[in-house]
Amino acid sequence: MTTFTPLPHPTGNGLPAKADASGPRTAVEAFALTKGYGRGDTRVMALNEVSVGFEAGKFTAIMGPSGSGKSTLMHCLAGLDTADSGRIVLGGTELTRLNDRQLTALRRERIGFVFQAFNLVPTLTAEQNITLPLALAGTTADAGWLDTVVSTLGLKDRLKHRPHELSGGQQQRVAVARALLTRPDVVFGDEPTGNLDSKAGGEVLALLRRSSQEMGQTIIMVTHDPVAASYADRVVLMSDGGLVGEIQKPTAESVLTALGKLGA
């Protein structure tokens with residue numbers, strides 16, 4: 001059953017209530033996160049005391065009108081941008097206390113990324129693109145896990161192909177495989193189906209959902225597409241730099257209705 005739950009404004013110190021120790025494990029959590037751009041009268045608050053947690057092994061979509069802060073939130077959670085104040089804890093590590101070198105290492109080893117642009121190296125084969133992060137880190141892939149990932153994503157017969165020999169959907173599958181190979185704490189997707197047609201986009205979203213359900217991978221995806229969001233277990237809604245609601249077990253219709261109320 002689809003449920004929409006409005007979220008209250010933060011109170012007190014802006015921290016979420018502590019989770020029950022016997023409850024689900026949180027993969028990444030933000031506490032009273034604030035981020036602004038500009039100065040004086042032109043200053044815009046992209047994030048305003050945002051506190052939110054993302055359950056491990058679940059697929060969550062972040063949605064909201066343009067300028068709502070959804071991309072800023074994802075970039076801060078992933079260590080790609082820094083907040084003005086607040087805390088971010090990923091897998092027990094507080095990102096907001098790390099220096100640039102430590103953040104770079106954490107992103108490489110414990111975070112996966114899938115972007116709208118596939119970001120594949122054109123001169124490398126699909127297999128080389130998949131294993132590139134490990135090669136840059138001076139390590140090698142676990143053969144069994146690599147086989148599991150490429151088999152799950154339907155890439156076994158495409159590993160020797162270069163990006164120009166693959167369809168858009170296949171290239172994004174390679175990007176997903178690359179993100180999954182290091183068994184990261186979280187895979188972040190920034191409009192991952194934005195450059196794909198509806199059929200290829202649906203295939204990639206189904207694969208992301210499978211990676212969550214069958215591999216226990218935590219997925220956090222920013223999208224503007226209600227259909228894409230319907231593949232998630234949960235939708236977090238943002239407006240004007242704050243959280244305004246969430247939808248459990250979303251459908252395209254329930255997401256569209258909620259976005260309509262936000263003026264998206």
# chains A, B, ... in the order shown; residues from 1 in each chain; ligands from 1
>>> select_by_dssp(residues="stretch 50-122 of chain A", states="alpha helix (DSSP H)", output="list in words")
Lys70, Ser71, Thr72, Leu73, Met74, His75, Cys76, Leu77, Asp100, Arg101, Gln102, Leu103, Thr104, Ala105, Leu106, Arg107, Arg108, Glu109 and Arg110 of chain A
>>> write_last_selection(atoms="N, CA, C and O atoms", output="PDB file, in the first residue's frame")
ATOM      1  N   LYS A  70      17.578  18.868  -3.820  1.00  0.00           N
ATOM      2  CA  LYS A  70      17.778  17.423  -3.888  1.00  0.00           C
ATOM      3  C   LYS A  70      19.180  17.043  -4.380  1.00  0.00           C
ATOM      4  O   LYS A  70      19.817  16.145  -3.824  1.00  0.00           O
ATOM      5  N   SER A  71      19.674  17.725  -5.406  1.00  0.00           N
ATOM      6  CA  SER A  71      21.012  17.412  -5.904  1.00  0.00           C
ATOM      7  C   SER A  71      22.080  17.839  -4.909  1.00  0.00           C
ATOM      8  O   SER A  71      23.086  17.141  -4.716  1.00  0.00           O
ATOM      9  N   THR A  72      21.874  18.985  -4.257  1.00  0.00           N
ATOM     10  CA  THR A  72      22.828  19.437  -3.244  1.00  0.00           C
ATOM     11  C   THR A  72      22.907  18.434  -2.102  1.00  0.00           C
ATOM     12  O   THR A  72      24.000  18.115  -1.604  1.00  0.00           O
ATOM     13  N   LEU A  73      21.763  17.915  -1.673  1.00  0.00           N
ATOM     14  CA  LEU A  73      21.751  16.920  -0.609  1.00  0.00           C
ATOM     15  C   LEU A  73      22.539  15.687  -1.030  1.00  0.00           C
ATOM     16  O   LEU A  73      23.392  15.199  -0.271  1.00  0.00           O
ATOM     17  N   MET A  74      22.294  15.188  -2.235  1.00  0.00           N
ATOM     18  CA  MET A  74      23.008  14.001  -2.683  1.00  0.00           C
ATOM     19  C   MET A  74      24.507  14.254  -2.769  1.00  0.00           C
ATOM     20  O   MET A  74      25.325  13.428  -2.354  1.00  0.00           O
ATOM     21  N   HIS A  75      24.900  15.413  -3.308  1.00  0.00           N
ATOM     22  CA  HIS A  75      26.318  15.718  -3.452  1.00  0.00           C
ATOM     23  C   HIS A  75      26.998  15.819  -2.092  1.00  0.00           C
ATOM     24  O   HIS A  75      28.151  15.395  -1.936  1.00  0.00           O
ATOM     25  N   CYS A  76      26.309  16.351  -1.103  1.00  0.00           N
ATOM     26  CA  CYS A  76      26.887  16.417   0.245  1.00  0.00           C
ATOM     27  C   CYS A  76      26.979  15.017   0.868  1.00  0.00           C
ATOM     28  O   CYS A  76      27.999  14.666   1.471  1.00  0.00           O
ATOM     29  N   LEU A  77      25.929  14.225   0.725  1.00  0.00           N
ATOM     30  CA  LEU A  77      25.943  12.865   1.273  1.00  0.00           C
ATOM     31  C   LEU A  77      27.064  12.027   0.671  1.00  0.00           C
ATOM     32  O   LEU A  77      27.652  11.174   1.341  1.00  0.00           O
ATOM     33  N   ASP A 100      40.531  16.394   2.559  1.00  0.00           N
ATOM     34  CA  ASP A 100      40.324  16.101   1.138  1.00  0.00           C
ATOM     35  C   ASP A 100      40.891  14.739   0.757  1.00  0.00           C
ATOM     36  O   ASP A 100      40.265  13.997  -0.012  1.00  0.00           O
ATOM     37  N   ARG A 101      42.071  14.410   1.265  1.00  0.00           N
ATOM     38  CA  ARG A 101      42.690  13.121   0.928  1.00  0.00           C
ATOM     39  C   ARG A 101      41.849  11.963   1.449  1.00  0.00           C
ATOM     40  O   ARG A 101      41.635  10.967   0.735  1.00  0.00           O
ATOM     41  N   GLN A 102      41.374  12.089   2.674  1.00  0.00           N
ATOM     42  CA  GLN A 102      40.543  11.033   3.256  1.00  0.00           C
ATOM     43  C   GLN A 102      39.209  10.904   2.526  1.00  0.00           C
ATOM     44  O   GLN A 102      38.714   9.789   2.315  1.00  0.00           O
ATOM     45  N   LEU A 103      38.632  12.045   2.131  1.00  0.00           N
ATOM     46  CA  LEU A 103      37.373  12.013   1.384  1.00  0.00           C
ATOM     47  C   LEU A 103      37.552  11.326   0.038  1.00  0.00           C
ATOM     48  O   LEU A 103      36.702  10.542  -0.395  1.00  0.00           O
ATOM     49  N   THR A 104      38.664  11.622  -0.640  1.00  0.00           N
ATOM     50  CA  THR A 104      38.939  10.993  -1.935  1.00  0.00           C
ATOM     51  C   THR A 104      39.032   9.480  -1.788  1.00  0.00           C
ATOM     52  O   THR A 104      38.468   8.722  -2.590  1.00  0.00           O
ATOM     53  N   ALA A 105      39.729   9.025  -0.763  1.00  0.00           N
ATOM     54  CA  ALA A 105      39.868   7.588  -0.523  1.00  0.00           C
ATOM     55  C   ALA A 105      38.523   6.959  -0.201  1.00  0.00           C
ATOM     56  O   ALA A 105      38.197   5.866  -0.696  1.00  0.00           O
ATOM     57  N   LEU A 106      37.710   7.645   0.606  1.00  0.00           N
ATOM     58  CA  LEU A 106      36.400   7.103   0.960  1.00  0.00           C
ATOM     59  C   LEU A 106      35.500   6.996  -0.261  1.00  0.00           C
ATOM     60  O   LEU A 106      34.819   5.984  -0.455  1.00  0.00           O
ATOM     61  N   ARG A 107      35.495   8.033  -1.108  1.00  0.00           N
ATOM     62  CA  ARG A 107      34.659   7.977  -2.318  1.00  0.00           C
ATOM     63  C   ARG A 107      35.090   6.823  -3.217  1.00  0.00           C
ATOM     64  O   ARG A 107      34.254   6.149  -3.823  1.00  0.00           O
ATOM     65  N   ARG A 108      36.390   6.592  -3.316  1.00  0.00           N
ATOM     66  CA  ARG A 108      36.888   5.544  -4.198  1.00  0.00           C
ATOM     67  C   ARG A 108      36.554   4.153  -3.672  1.00  0.00           C
ATOM     68  O   ARG A 108      36.220   3.249  -4.436  1.00  0.00           O
ATOM     69  N   GLU A 109      36.640   3.989  -2.358  1.00  0.00           N
ATOM     70  CA  GLU A 109      36.533   2.654  -1.783  1.00  0.00           C
ATOM     71  C   GLU A 109      35.136   2.299  -1.274  1.00  0.00           C
ATOM     72  O   GLU A 109      34.781   1.128  -1.236  1.00  0.00           O
ATOM     73  N   ARG A 110      34.338   3.308  -0.904  1.00  0.00           N
ATOM     74  CA  ARG A 110      33.093   2.986  -0.200  1.00  0.00           C
ATOM     75  C   ARG A 110      31.845   3.619  -0.792  1.00  0.00           C
ATOM     76  O   ARG A 110      30.754   3.458  -0.258  1.00  0.00           O
TER      77      ARG A 110
END
>>> closest_atom_pairs(of="stretch 25-61 of chain A", to="stretch 242-264 of chain A", cutoff="7 Å", atoms="only C-alpha atoms", output="tab-separated table")
residue	atom	partner	partner_atom	distance
A:Leu47	CA	A:Gly242	CA	6.1
A:Asn48	CA	A:Gly242	CA	5.6
A:Val50	CA	A:Gly242	CA	5.9
>>> closest_residue(among="A:Gly138, A:Gly112, A:Gly194, A:Pro122", to="A:Arg162", atoms="only C-alpha atoms")
A:Pro122
>>> closest_residue(among="A:Thr123, A:Thr140, A:Thr34, A:Ser68", to="A:Thr182", atoms="only C-alpha atoms")
A:Thr140
>>> closest_residue(among="A:Ile62, A:Leu196, A:Ala32, A:Met221", to="A:Arg87", atoms="only C-alpha atoms")
A:Ala32
>>> residues_around(residues="A:Ser151", least_positions_apart="6", cutoff="12 Å", atoms="only C-alpha atoms", output="JSON, numbers by chain")
{"A": [144, 145, 157, 158, 159, 173, 174, 177, 207, 211]}
>>> closest_residue(among="A:Val222, A:Glu191, A:Ala126, A:Lys58", to="A:Arg178", atoms="only C-alpha atoms")
A:Ala126
>>> select_by_dssp(residues="stretch 12-216 of chain A", states="strand (DSSP E or B)", output="number ranges by chain")
A: 26-37, 44-55, 59-63, 85-90, 93-94, 111-115, 186-190
>>> atom_distance(atom1="atom CA of A:Leu155", atom2="atom CA of A:Ser167")
11.9 Å
>>> closest_residue(among="A:Asp197, A:Asp142, A:Glu203, A:Glu29", to="A:Arg183", atoms="only C-alpha atoms")
A:Asp142
>>> atom_distance(atom1="atom CA of A:Ala27", atom2="atom CA of A:Asn129")
26.3 Å
>>> closest_residue(among="A:Leu124, A:Val204, A:Gly92, A:Ala175", to="A:Lys160", atoms="only C-alpha atoms")
A:Leu124
>>> atom_distance(atom1="atom CA of A:Val28", atom2="atom CA of A:Gly91")
6.2 Å
>>> decode(residues="stretch 106-155 of chain A", atoms="N, CA and C atoms", output="CSV table (one decimal), in the first residue's frame")
chain,number,residue,atom,x,y,z
A,106,LEU,N,37.7,7.6,0.6
A,106,LEU,CA,36.4,7.1,1.0
A,106,LEU,C,35.5,7.0,-0.3
A,107,ARG,N,35.5,8.0,-1.1
A,107,ARG,CA,34.7,8.0,-2.3
A,107,ARG,C,35.1,6.8,-3.2
A,108,ARG,N,36.4,6.6,-3.3
A,108,ARG,CA,36.9,5.5,-4.2
A,108,ARG,C,36.6,4.2,-3.7
A,109,GLU,N,36.6,4.0,-2.4
A,109,GLU,CA,36.5,2.7,-1.8
A,109,GLU,C,35.1,2.3,-1.3
A,110,ARG,N,34.3,3.3,-0.9
A,110,ARG,CA,33.1,3.0,-0.2
A,110,ARG,C,31.8,3.6,-0.8
A,111,ILE,N,32.0,4.3,-1.9
A,111,ILE,CA,30.9,5.0,-2.5
A,111,ILE,C,30.9,4.7,-4.0
A,112,GLY,N,29.7,4.3,-4.6
A,112,GLY,CA,29.6,4.1,-6.0
A,112,GLY,C,28.8,5.2,-6.6
A,113,PHE,N,29.0,5.5,-7.9
A,113,PHE,CA,28.3,6.6,-8.6
A,113,PHE,C,27.8,6.1,-9.9
A,114,VAL,N,26.6,6.5,-10.2
A,114,VAL,CA,26.0,6.3,-11.6
A,114,VAL,C,25.4,7.7,-12.0
A,115,PHE,N,25.9,8.3,-13.0
A,115,PHE,CA,25.5,9.6,-13.4
A,115,PHE,C,24.7,9.5,-14.7
A,116,GLN,N,24.1,10.6,-15.1
A,116,GLN,CA,23.3,10.7,-16.3
A,116,GLN,C,24.2,10.5,-17.5
A,117,ALA,N,25.4,11.1,-17.5
A,117,ALA,CA,26.5,10.8,-18.5
A,117,ALA,C,27.2,9.5,-18.0
A,118,PHE,N,27.4,8.6,-18.9
A,118,PHE,CA,27.9,7.3,-18.5
A,118,PHE,C,29.3,7.3,-18.0
A,119,ASN,N,30.1,8.3,-18.4
A,119,ASN,CA,31.5,8.5,-17.9
A,119,ASN,C,32.4,7.3,-18.1
A,120,LEU,N,32.3,6.7,-19.3
A,120,LEU,CA,33.1,5.6,-19.6
A,120,LEU,C,34.3,6.0,-20.4
A,121,VAL,N,35.5,5.4,-20.3
A,121,VAL,CA,36.7,5.7,-21.0
A,121,VAL,C,36.6,5.0,-22.4
A,122,PRO,N,36.5,5.8,-23.5
A,122,PRO,CA,36.2,5.2,-24.8
A,122,PRO,C,37.2,4.2,-25.3
A,123,THR,N,38.5,4.3,-24.9
A,123,THR,CA,39.5,3.4,-25.4
A,123,THR,C,39.6,2.1,-24.6
A,124,LEU,N,38.8,2.0,-23.5
A,124,LEU,CA,38.9,0.8,-22.7
A,124,LEU,C,37.7,-0.1,-23.0
A,125,THR,N,37.8,-1.4,-22.8
A,125,THR,CA,36.7,-2.3,-23.0
A,125,THR,C,35.7,-2.2,-21.8
A,126,ALA,N,34.6,-2.8,-21.9
A,126,ALA,CA,33.6,-2.8,-20.9
A,126,ALA,C,34.2,-3.3,-19.6
A,127,GLU,N,34.9,-4.4,-19.7
A,127,GLU,CA,35.5,-5.0,-18.5
A,127,GLU,C,36.5,-4.1,-17.8
A,128,GLN,N,37.3,-3.5,-18.7
A,128,GLN,CA,38.4,-2.5,-18.1
A,128,GLN,C,37.7,-1.3,-17.5
A,129,ASN,N,36.6,-0.8,-18.1
A,129,ASN,CA,35.9,0.3,-17.5
A,129,ASN,C,35.3,-0.1,-16.1
A,130,ILE,N,34.8,-1.4,-16.0
A,130,ILE,CA,34.2,-1.8,-14.8
A,130,ILE,C,35.2,-1.9,-13.7
A,131,THR,N,36.4,-2.4,-14.0
A,131,THR,CA,37.4,-2.6,-13.0
A,131,THR,C,38.4,-1.4,-12.8
A,132,LEU,N,38.1,-0.3,-13.6
A,132,LEU,CA,39.0,0.9,-13.5
A,132,LEU,C,39.2,1.4,-12.1
A,133,PRO,N,38.2,1.6,-11.3
A,133,PRO,CA,38.4,2.2,-10.0
A,133,PRO,C,39.4,1.3,-9.1
A,134,LEU,N,39.3,0.0,-9.3
A,134,LEU,CA,40.2,-0.9,-8.5
A,134,LEU,C,41.6,-0.8,-9.1
A,135,ALA,N,41.7,-0.7,-10.4
A,135,ALA,CA,43.0,-0.5,-11.0
A,135,ALA,C,43.7,0.7,-10.6
A,136,LEU,N,42.9,1.8,-10.5
A,136,LEU,CA,43.5,3.1,-10.0
A,136,LEU,C,43.9,3.0,-8.6
A,137,ALA,N,43.2,2.2,-7.8
A,137,ALA,CA,43.6,2.0,-6.4
A,137,ALA,C,44.7,1.0,-6.2
A,138,GLY,N,45.1,0.4,-7.3
A,138,GLY,CA,46.2,-0.6,-7.2
A,138,GLY,C,45.8,-2.0,-6.7
A,139,THR,N,44.5,-2.3,-6.8
A,139,THR,CA,44.0,-3.6,-6.4
A,139,THR,C,43.3,-4.3,-7.6
A,140,THR,N,43.0,-5.5,-7.3
A,140,THR,CA,42.3,-6.3,-8.4
A,140,THR,C,40.9,-6.7,-7.9
A,141,ALA,N,40.1,-7.0,-8.9
A,141,ALA,CA,38.7,-7.4,-8.6
A,141,ALA,C,38.7,-8.8,-8.1
A,142,ASP,N,37.7,-9.1,-7.1
A,142,ASP,CA,37.4,-10.4,-6.7
A,142,ASP,C,36.7,-11.1,-7.9
A,143,ALA,N,37.3,-12.2,-8.4
A,143,ALA,CA,36.8,-12.8,-9.7
A,143,ALA,C,35.4,-13.3,-9.5
A,144,GLY,N,35.1,-13.9,-8.3
A,144,GLY,CA,33.7,-14.4,-8.1
A,144,GLY,C,32.7,-13.3,-8.1
A,145,TRP,N,33.0,-12.2,-7.4
A,145,TRP,CA,32.1,-11.0,-7.3
A,145,TRP,C,31.9,-10.4,-8.7
A,146,LEU,N,33.0,-10.2,-9.4
A,146,LEU,CA,33.0,-9.6,-10.7
A,146,LEU,C,32.0,-10.4,-11.6
A,147,ASP,N,32.1,-11.8,-11.5
A,147,ASP,CA,31.3,-12.6,-12.3
A,147,ASP,C,29.8,-12.5,-11.9
A,148,THR,N,29.6,-12.4,-10.6
A,148,THR,CA,28.2,-12.2,-10.1
A,148,THR,C,27.6,-10.9,-10.7
A,149,VAL,N,28.4,-9.8,-10.6
A,149,VAL,CA,27.9,-8.5,-11.0
A,149,VAL,C,27.6,-8.5,-12.5
A,150,VAL,N,28.5,-9.0,-13.3
A,150,VAL,CA,28.3,-8.9,-14.8
A,150,VAL,C,27.2,-9.8,-15.2
A,151,SER,N,27.1,-11.0,-14.5
A,151,SER,CA,26.0,-11.9,-14.9
A,151,SER,C,24.7,-11.3,-14.5
A,152,THR,N,24.6,-10.7,-13.3
A,152,THR,CA,23.3,-10.1,-12.9
A,152,THR,C,22.9,-9.0,-13.8
A,153,LEU,N,23.9,-8.2,-14.3
A,153,LEU,CA,23.6,-7.1,-15.2
A,153,LEU,C,23.5,-7.5,-16.7
A,154,GLY,N,23.7,-8.7,-17.0
A,154,GLY,CA,23.6,-9.2,-18.4
A,154,GLY,C,24.7,-8.7,-19.3
A,155,LEU,N,25.9,-8.7,-18.8
A,155,LEU,CA,27.1,-8.1,-19.5
A,155,LEU,C,28.1,-9.1,-19.9
